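*Asks:* Take a look at the following structure, please.
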Protein chains: 6
Amino acid sequence: MFTKQIDENTYLKLLEPHHARQLFAVTDSSRKSLRTWLPWVDFIETPGQSEEFIHGAMKQYGENNGFQAGIWFKEDLAGVIGLHKIDWPNRSTSVGYWLGEAFTGRGLMTKACREVVDHCFIELELQRVEIRAASENRKSSAVPKRLGFEYEGCLRGSEKLYDNYVDHYVYGMLRPEWVNKG
Amino acid sequence: MFTKQIDENTYLKLLEPHHARQLFAVTDSSRKSLRTWLPWVDFIETPGQSEEFIHGAMKQYGENNGFQAGIWFKEDLAGVIGLHKIDWPNRSTSVGYWLGEAFTGRGLMTKACREVVDHCFIELELQRVEIRAASENRKSSAVPKRLGFEYEGCLRGSEKLYDNYVDHYVYGMLRPEWVNKG
Amino acid sequence: MFTKQIDENTYLKLLEPHHARQLFAVTDSSRKSLRTWLPWVDFIETPGQSEEFIHGAMKQYGENNGFQAGIWFKEDLAGVIGLHKIDWPNRSTSVGYWLGEAFTGRGLMTKACREVVDHCFIELELQRVEIRAASENRKSSAVPKRLGFEYEGCLRGSEKLYDNYVDHYVYGMLRPEWVNKG
Amino acid sequence: MFTKQIDENTYLKLLEPHHARQLFAVTDSSRKSLRTWLPWVDFIETPGQSEEFIHGAMKQYGENNGFQAGIWFKEDLAGVIGLHKIDWPNRSTSVGYWLGEAFTGRGLMTKACREVVDHCFIELELQRVEIRAASENRKSSAVPKRLGFEYEGCLRGSEKLYDNYVDHYVYGMLRPEWVNKG
Amino acid sequence: MFTKQIDENTYLKLLEPHHARQLFAVTDSSRKSLRTWLPWVDFIETPGQSEEFIHGAMKQYGENNGFQAGIWFKEDLAGVIGLHKIDWPNRSTSVGYWLGEAFTGRGLMTKACREVVDHCFIELELQRVEIRAASENRKSSAVPKRLGFEYEGCLRGSEKLYDNYVDHYVYGMLRPEWVNKG
Amino acid sequence: MFTKQIDENTYLKLLEPHHARQLFAVTDSSRKSLRTWLPWVDFIETPGQSEEFIHGAMKQYGENNGFQAGIWFKEDLAGVIGLHKIDWPNRSTSVGYWLGEAFTGRGLMTKACREVVDHCFIELELQRVEIRAASENRKSSAVPKRLGFEYEGCLRGSEKLYDNYVDHYVYGMLRPEWVNKG
């Protein structure tokens, strides 16, 4: 029921169990491309496992520790954007996202991410928002660059992707920077 | 961030901790009228207690057991509407609501309630939605009546209101009735 | 060990794990008639599942949220009576019960229920006791009628019974009524 | 509601929150004599603390880990008897008990304890029941002796009583012994 | 990483998950002799089950309720020694231990046990340490005897070993005795 | 009891509740210098609060999620070193540490940290160890530099220190680098 309209065709919605089939469908249809950068893809083999992810995401939200929202394009669930967790004492968080293959290349994620970052700084009054991307994942890095995040470093070997470890580029944005930019 | 637009001036938003001050303000300013029908009003003496209520509501949502949304009118938090819990095995729920004094008499609640009921039947695919009102609370009973709910009975002595027990009128709506009405 | 004697041949006992085989036996032997009104019958396929029910019932009692007692007739476990939960803030509860086929028609349940209701009003000092019966389950409705409960309404579509939804007749009794009747 | 009749004037009842005032009364009236052997007496200063003990005892029962029963003599709560915990893998438990000053010297505890031990061996089918008494507490040791328990040893310094450590006499009974005695 | 050196070749180490394979190996290689006195041996059929035991042991330590340490001899994990739990109100605990067949007869356990008992009295400032051994397990009883524990009694039928119940000899040591001995 | 010897005078020990007084003493005596870089110093006002920290640290260890060890120099508790948490799916962790004023300038921390990092790579078989230091905390940054960690970036505004946000320098070490160095 609860949505964040982004433009005429695009909106975000908190993921709920009744979205499980749609979520599984977009995961399953882009399985090959998604698994290049997402370690969990091989573990989602049924709609029930997508529903389990959603229950976990709702629990995360219920603990005031961030959210996972679906990105809808027209009538389709196109991907997911969310906060990995919220470090309240340091007022800091980290944004993660992915899109199904059929929905890339239209600027959807940059628009969605702008809204999420804005929510973090304006409504949640956080101080720092971080975006991490695998160093070779150019599409993913493009999002924080377009939004004016600063490149802060490369954390080597930070994530296990099936049999390899990949480096993470870290992009950071601080509250005063975002607000002044506005 | 996540809202349900109801009309140009009115929308619902899931309550989050950063709404605690606004929630306390509307509670505090209508304390006298609210306590006529709401047993918890006297226990909300500080914004911190409104925030505790919100944390409880987020946890309820996180357990997939219903939600509590603020009703915003223009820039003000006017009241609250939510589901007391969701009885998933029987696909049934119950709606509760209240408005600050300054926001009554404009049809806000009927509009908000229509959206919530619609969400229950269409998105959550529940079978039954119930609304209970204290038997002498005419304003509250007016909402399910306007929405076409059926009066189903009077459960005597169902709620303790400070030192008295009040009777509950029960109004019910079933999924096929709502869908056919549409 | 702990019992409530009802008459020479009949008594209630809190269900404990060592009753699991007897509980399964009475369930299994009346499977066909019980499933007409009880949604859980098809899920009890082994004595271990009856034991799981008993562990749940003990936990409910341990949380001061009502009990489930076996009804013994002579040496046999004849059925179950219990409180679905206790709504302490409103001092209200709801009684549920069932009997194995071989034990119906002797007034056992009316006697058992009278004791349970009496316990609710006199020892627990509750204000309201409710009994709900599916609208077409005449035997079940007969119990609150014989005990002087008032018919308060019909909550439509309240319970899912396998593939159907059934209506609930609600019968209510208030503490002053019960005490004055005495 | 649930009782175990012991003789015409005496019965056991699972302790429930509505017994808190009576439990506090018997504790408070025998405070001086009870604290000689019971380490918790000084921590019970209000009826609310007796109620907390009862909530803990109900939770213990709810986990199938033993019970705490009040001993009633005529209309008075005279004392408490219970199982400290149940060691299910080894099918073993330990009985504890105390009486208010006004109720000692009448054989109440021996009768109560016989019923509890019988329940352990016959209904719960335990293999071993143990009773421990501080070595200088002759009244307490008299109970297992009268019931035919065997003295098995003295565990030195086993219990802290305010500022001292006391030795425990251990008395044991095995299932075959009890059953054959019967 | 954290060890307690006992002599040139022998040391204790808190068991951690990366020890699971070694722990399973010593269990598996002495399966036949160990199951004479240890009821859990038949339940350890894979290294994963040894790892589960270690996770349980770490949780026990995390709750400040005792520890389980591996006994290393040169490069081999030879056995386990630990505290069953700590009764903090009474400042009392109980020590348990076992060795793989290949490591018995060299005095390893007496040395290991001396360190553990010393830790209980000196660092943890406990008042009583207890060692129990099945009455016919002479090797096990030899350890507390060599360390000067006092034989305090025989608790009959205290432990279920597969299909039998065995008696426990109890040996006790008090803090002042240990300290004065030193 | 369990220690990691570092050199003749220095060793690490898992923090346990009986260290609370020593831990409070070193915190309290260096309060002014410690609070420059440690956000929690002002919240430790009594030995009981140091003990609460230790209980939390033990729970962390019990969940296999890292440890907190005291650094002992001769007979004194000089400071603390530990792992903030362990990211097992990515086999990565982060080391944190502090020393009381009286113990700085002797190379204690570099030696302690070398052992901890070694444990992470050799025993826990982690892939990445990270050390973060506030950008202006030169003493803290000196430790990873001396141990050959690579500077990977500056995460701006990452930590709230009382009223300010400070930047974090991140230093990283990977398993193959550490092992080859050896």
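Following the order of the structure tokens, first chain is A, next is B, and so on, with residues numbered from 1 inside each chain and ligands from 1 in the order they appear.
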Once chain D is fitted onto chain E by least squares over all its in-order Cα atoms, send the moved chain as an mmCIF file with C-alpha atoms, in the first residue's frame.

*Replies:*
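Result saved to superposed_2.cif:
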data_model
loop_
_atom_site.group_PDB
_atom_site.id
_atom_site.type_symbol
_atom_site.label_atom_id
_atom_site.label_comp_id
_atom_site.auth_asym_id
_atom_site.auth_seq_id
_atom_site.Cartn_x
_atom_site.Cartn_y
_atom_site.Cartn_z
ATOM 1 C CA MET D 1 44.585 -18.586 20.576
ATOM 2 C CA PHE D 2 44.034 -18.589 24.329
ATOM 3 C CA THR D 3 45.737 -21.426 26.169
ATOM 4 C CA LYS D 4 46.618 -22.624 29.646
ATOM 5 C CA GLN D 5 50.036 -24.272 29.598
ATOM 6 C CA ILE D 6 50.163 -27.280 31.932
ATOM 7 C CA ASP D 7 53.555 -28.718 31.270
ATOM 8 C CA GLU D 8 55.982 -28.736 28.393
ATOM 9 C CA ASN D 9 53.794 -30.954 26.223
ATOM 10 C CA THR D 10 50.326 -30.295 27.539
ATOM 11 C CA TYR D 11 47.977 -27.336 27.406
ATOM 12 C CA LEU D 12 44.288 -26.463 27.508
ATOM 13 C CA LYS D 13 42.543 -24.314 24.923
ATOM 14 C CA LEU D 14 38.942 -23.065 24.817
ATOM 15 C CA LEU D 15 37.226 -25.125 22.144
ATOM 16 C CA GLU D 16 36.381 -23.122 19.009
ATOM 17 C CA PRO D 17 34.674 -24.196 15.780
ATOM 18 C CA HIS D 18 37.974 -24.604 13.926
ATOM 19 C CA HIS D 19 38.753 -27.493 16.325
ATOM 20 C CA ALA D 20 35.708 -29.496 15.219
ATOM 21 C CA ARG D 21 37.581 -31.925 12.989
ATOM 22 C CA GLN D 22 40.148 -32.725 15.659
ATOM 23 C CA LEU D 23 37.428 -33.134 18.260
ATOM 24 C CA PHE D 24 35.495 -35.490 16.044
ATOM 25 C CA ALA D 25 38.650 -37.470 15.291
ATOM 26 C CA VAL D 26 39.473 -38.162 18.941
ATOM 27 C CA THR D 27 35.819 -38.989 19.669
ATOM 28 C CA ASP D 28 35.528 -41.289 16.709
ATOM 29 C CA SER D 29 38.783 -43.132 17.325
ATOM 30 C CA SER D 30 37.814 -44.000 20.925
ATOM 31 C CA ARG D 31 34.132 -44.496 20.344
ATOM 32 C CA LYS D 32 33.971 -47.913 21.887
ATOM 33 C CA SER D 33 35.718 -47.119 25.142
ATOM 34 C CA LEU D 34 34.128 -43.670 25.511
ATOM 35 C CA ARG D 35 30.577 -44.935 25.227
ATOM 36 C CA THR D 36 31.048 -47.057 28.329
ATOM 37 C CA TRP D 37 30.711 -43.910 30.462
ATOM 38 C CA LEU D 38 29.565 -41.076 28.214
ATOM 39 C CA PRO D 39 25.888 -40.993 27.188
ATOM 40 C CA TRP D 40 26.374 -38.628 24.214
ATOM 41 C CA VAL D 41 28.920 -40.619 22.204
ATOM 42 C CA ASP D 42 26.401 -42.353 19.958
ATOM 43 C CA PHE D 43 24.932 -38.982 18.978
ATOM 44 C CA ILE D 44 28.224 -37.737 17.487
ATOM 45 C CA GLU D 45 28.334 -39.259 14.053
ATOM 46 C CA THR D 46 29.848 -36.414 11.988
ATOM 47 C CA PRO D 47 32.340 -33.544 12.476
ATOM 48 C CA GLY D 48 29.354 -31.207 12.089
ATOM 49 C CA GLN D 49 27.895 -32.623 15.312
ATOM 50 C CA SER D 50 31.183 -32.019 17.106
ATOM 51 C CA GLU D 51 30.998 -28.448 15.816
ATOM 52 C CA GLU D 52 27.460 -28.087 17.193
ATOM 53 C CA PHE D 53 28.749 -29.210 20.576
ATOM 54 C CA ILE D 54 31.455 -26.545 20.351
ATOM 55 C CA HIS D 55 28.915 -23.843 19.463
ATOM 56 C CA GLY D 56 26.898 -24.880 22.535
ATOM 57 C CA ALA D 57 30.041 -24.766 24.671
ATOM 58 C CA MET D 58 30.907 -21.267 23.414
ATOM 59 C CA LYS D 59 27.398 -20.096 24.223
ATOM 60 C CA GLN D 60 27.766 -21.556 27.727
ATOM 61 C CA TYR D 61 30.989 -19.611 28.185
ATOM 62 C CA GLY D 62 29.354 -16.488 26.746
ATOM 63 C CA GLU D 63 26.689 -16.678 29.466
ATOM 64 C CA ASN D 64 29.403 -16.834 32.150
ATOM 65 C CA ASN D 65 28.241 -20.327 32.981
ATOM 66 C CA GLY D 66 31.449 -22.341 32.661
ATOM 67 C CA PHE D 67 33.654 -23.444 29.767
ATOM 68 C CA GLN D 68 34.726 -26.496 27.787
ATOM 69 C CA ALA D 69 38.412 -26.715 26.990
ATOM 70 C CA GLY D 70 40.299 -29.088 24.776
ATOM 71 C CA ILE D 71 43.285 -30.870 26.294
ATOM 72 C CA TRP D 72 46.179 -30.798 23.832
ATOM 73 C CA PHE D 73 49.103 -33.169 24.098
ATOM 74 C CA LYS D 74 51.864 -32.100 21.747
ATOM 75 C CA GLU D 75 49.943 -31.470 18.537
ATOM 76 C CA ASP D 76 46.953 -33.650 19.295
ATOM 77 C CA LEU D 77 43.604 -32.906 20.845
ATOM 78 C CA ALA D 78 43.539 -35.582 23.544
ATOM 79 C CA GLY D 79 40.253 -34.922 25.308
ATOM 80 C CA VAL D 80 37.981 -32.373 26.938
ATOM 81 C CA ILE D 81 37.659 -30.859 30.410
ATOM 82 C CA GLY D 82 35.041 -28.346 31.499
ATOM 83 C CA LEU D 83 32.575 -27.036 34.035
ATOM 84 C CA HIS D 84 29.017 -28.388 33.725
ATOM 85 C CA LYS D 85 27.597 -25.046 34.839
ATOM 86 C CA ILE D 86 28.337 -22.500 37.532
ATOM 87 C CA ASP D 87 25.865 -22.056 40.402
ATOM 88 C CA TRP D 88 26.833 -18.436 41.132
ATOM 89 C CA PRO D 89 24.432 -17.812 44.050
ATOM 90 C CA ASN D 90 25.978 -20.763 45.877
ATOM 91 C CA ARG D 91 29.429 -20.254 44.257
ATOM 92 C CA SER D 92 29.629 -23.907 43.321
ATOM 93 C CA THR D 93 30.477 -25.882 40.179
ATOM 94 C CA SER D 94 31.116 -29.378 38.921
ATOM 95 C CA VAL D 95 33.991 -30.573 36.707
ATOM 96 C CA GLY D 96 33.635 -33.119 33.882
ATOM 97 C CA TYR D 97 36.278 -34.632 31.610
ATOM 98 C CA TRP D 98 37.216 -37.392 29.207
ATOM 99 C CA LEU D 99 40.283 -38.543 27.255
ATOM 100 C CA GLY D 100 40.715 -40.439 24.025
ATOM 101 C CA GLU D 101 42.033 -43.977 24.518
ATOM 102 C CA ALA D 102 45.468 -43.193 23.157
ATOM 103 C CA PHE D 103 46.041 -40.548 25.789
ATOM 104 C CA THR D 104 45.086 -42.323 29.017
ATOM 105 C CA GLY D 105 47.505 -43.632 31.606
ATOM 106 C CA ARG D 106 49.928 -40.692 31.515
ATOM 107 C CA GLY D 107 48.492 -38.523 34.248
ATOM 108 C CA LEU D 108 47.244 -35.951 31.738
ATOM 109 C CA MET D 109 43.837 -35.617 33.334
ATOM 110 C CA THR D 110 45.024 -35.180 36.881
ATOM 111 C CA LYS D 111 47.277 -32.357 35.753
ATOM 112 C CA ALA D 112 44.546 -30.745 33.676
ATOM 113 C CA CYS D 113 42.015 -31.059 36.437
ATOM 114 C CA ARG D 114 44.343 -29.505 38.997
ATOM 115 C CA GLU D 115 44.593 -26.378 36.841
ATOM 116 C CA VAL D 116 40.852 -26.179 36.347
ATOM 117 C CA VAL D 117 40.143 -26.573 40.052
ATOM 118 C CA ASP D 118 42.749 -23.962 40.844
ATOM 119 C CA HIS D 119 41.096 -21.558 38.406
ATOM 120 C CA CYS D 120 37.718 -22.170 40.084
ATOM 121 C CA PHE D 121 38.971 -21.377 43.562
ATOM 122 C CA ILE D 122 41.548 -18.662 42.847
ATOM 123 C CA GLU D 123 40.251 -16.694 39.875
ATOM 124 C CA LEU D 124 36.513 -17.378 40.028
ATOM 125 C CA GLU D 125 36.537 -17.427 43.840
ATOM 126 C CA LEU D 126 34.056 -20.297 44.002
ATOM 127 C CA GLN D 127 33.404 -21.998 47.335
ATOM 128 C CA ARG D 128 32.837 -25.594 46.256
ATOM 129 C CA VAL D 129 33.999 -27.786 43.366
ATOM 130 C CA GLU D 130 32.404 -31.156 42.852
ATOM 131 C CA ILE D 131 33.509 -34.099 40.735
ATOM 132 C CA ARG D 132 31.118 -36.943 40.036
ATOM 133 C CA ALA D 133 32.080 -40.301 38.626
ATOM 134 C CA ALA D 134 30.045 -43.354 37.818
ATOM 135 C CA SER D 135 30.599 -45.709 40.730
ATOM 136 C CA GLU D 136 32.316 -48.355 38.607
ATOM 137 C CA ASN D 137 34.462 -45.912 36.662
ATOM 138 C CA ARG D 138 37.640 -46.269 38.689
ATOM 139 C CA LYS D 139 39.821 -44.228 36.358
ATOM 140 C CA SER D 140 37.503 -41.274 36.664
ATOM 141 C CA SER D 141 37.292 -41.510 40.468
ATOM 142 C CA ALA D 142 41.078 -41.663 40.694
ATOM 143 C CA VAL D 143 41.368 -38.030 39.581
ATOM 144 C CA PRO D 144 39.572 -36.348 42.516
ATOM 145 C CA LYS D 145 41.180 -38.800 44.925
ATOM 146 C CA ARG D 146 44.672 -37.837 43.752
ATOM 147 C CA LEU D 147 43.763 -34.161 44.072
ATOM 148 C CA GLY D 148 42.626 -34.600 47.666
ATOM 149 C CA PHE D 149 38.882 -34.295 47.178
ATOM 150 C CA GLU D 150 36.709 -35.830 49.895
ATOM 151 C CA TYR D 151 34.297 -38.655 49.079
ATOM 152 C CA GLU D 152 30.877 -37.354 50.107
ATOM 153 C CA GLY D 153 28.395 -40.007 49.073
ATOM 154 C CA CYS D 154 26.837 -42.141 46.372
ATOM 155 C CA LEU D 155 23.856 -40.722 44.517
ATOM 156 C CA ARG D 156 22.104 -43.794 43.225
ATOM 157 C CA GLY D 157 20.611 -44.020 39.743
ATOM 158 C CA SER D 158 21.706 -40.500 38.864
ATOM 159 C CA GLU D 159 22.586 -40.905 35.207
ATOM 160 C CA LYS D 160 21.055 -42.744 32.297
ATOM 161 C CA LEU D 161 23.702 -44.485 30.233
ATOM 162 C CA TYR D 162 21.933 -45.866 27.162
ATOM 163 C CA ASP D 163 19.682 -48.502 28.775
ATOM 164 C CA ASN D 164 20.983 -48.462 32.341
ATOM 165 C CA TYR D 165 21.027 -46.110 35.254
ATOM 166 C CA VAL D 166 24.345 -45.744 37.034
ATOM 167 C CA ASP D 167 25.213 -44.504 40.521
ATOM 168 C CA HIS D 168 27.383 -41.418 40.988
ATOM 169 C CA TYR D 169 30.146 -41.135 43.536
ATOM 170 C CA VAL D 170 30.407 -37.499 44.588
ATOM 171 C CA TYR D 171 33.754 -35.984 45.553
ATOM 172 C CA GLY D 172 33.891 -32.455 46.963
ATOM 173 C CA MET D 173 36.548 -29.843 47.638
ATOM 174 C CA LEU D 174 35.986 -26.557 49.458
ATOM 175 C CA ARG D 175 37.889 -23.334 48.927
ATOM 176 C CA PRO D 176 39.580 -23.172 52.326
ATOM 177 C CA GLU D 177 40.776 -26.772 51.963
ATOM 178 C CA TRP D 178 42.306 -26.107 48.565
ATOM 179 C CA VAL D 179 43.929 -22.849 49.542
ATOM 180 C CA ASN D 180 45.426 -24.248 52.747
ATOM 181 C CA LYS D 181 46.746 -27.285 50.909
ATOM 182 C CA GLY D 182 48.546 -25.090 48.410
#

*Asks:* Please run DSSP on the backbone and report, as a PyMOL selection string, all residues within range 71-103 of chain F that come out as strand (DSSP E or B).

*Replies:* chain F and resi 71-73+76-87+92-99

*Asks:* Can you list, as number ranges by chain, all residues belonging to chain A that DSSP tags as alpha helix (DSSP H)?

*Replies:* A: 20-29, 31-34, 47-62, 108-118, 138-146, 175-181
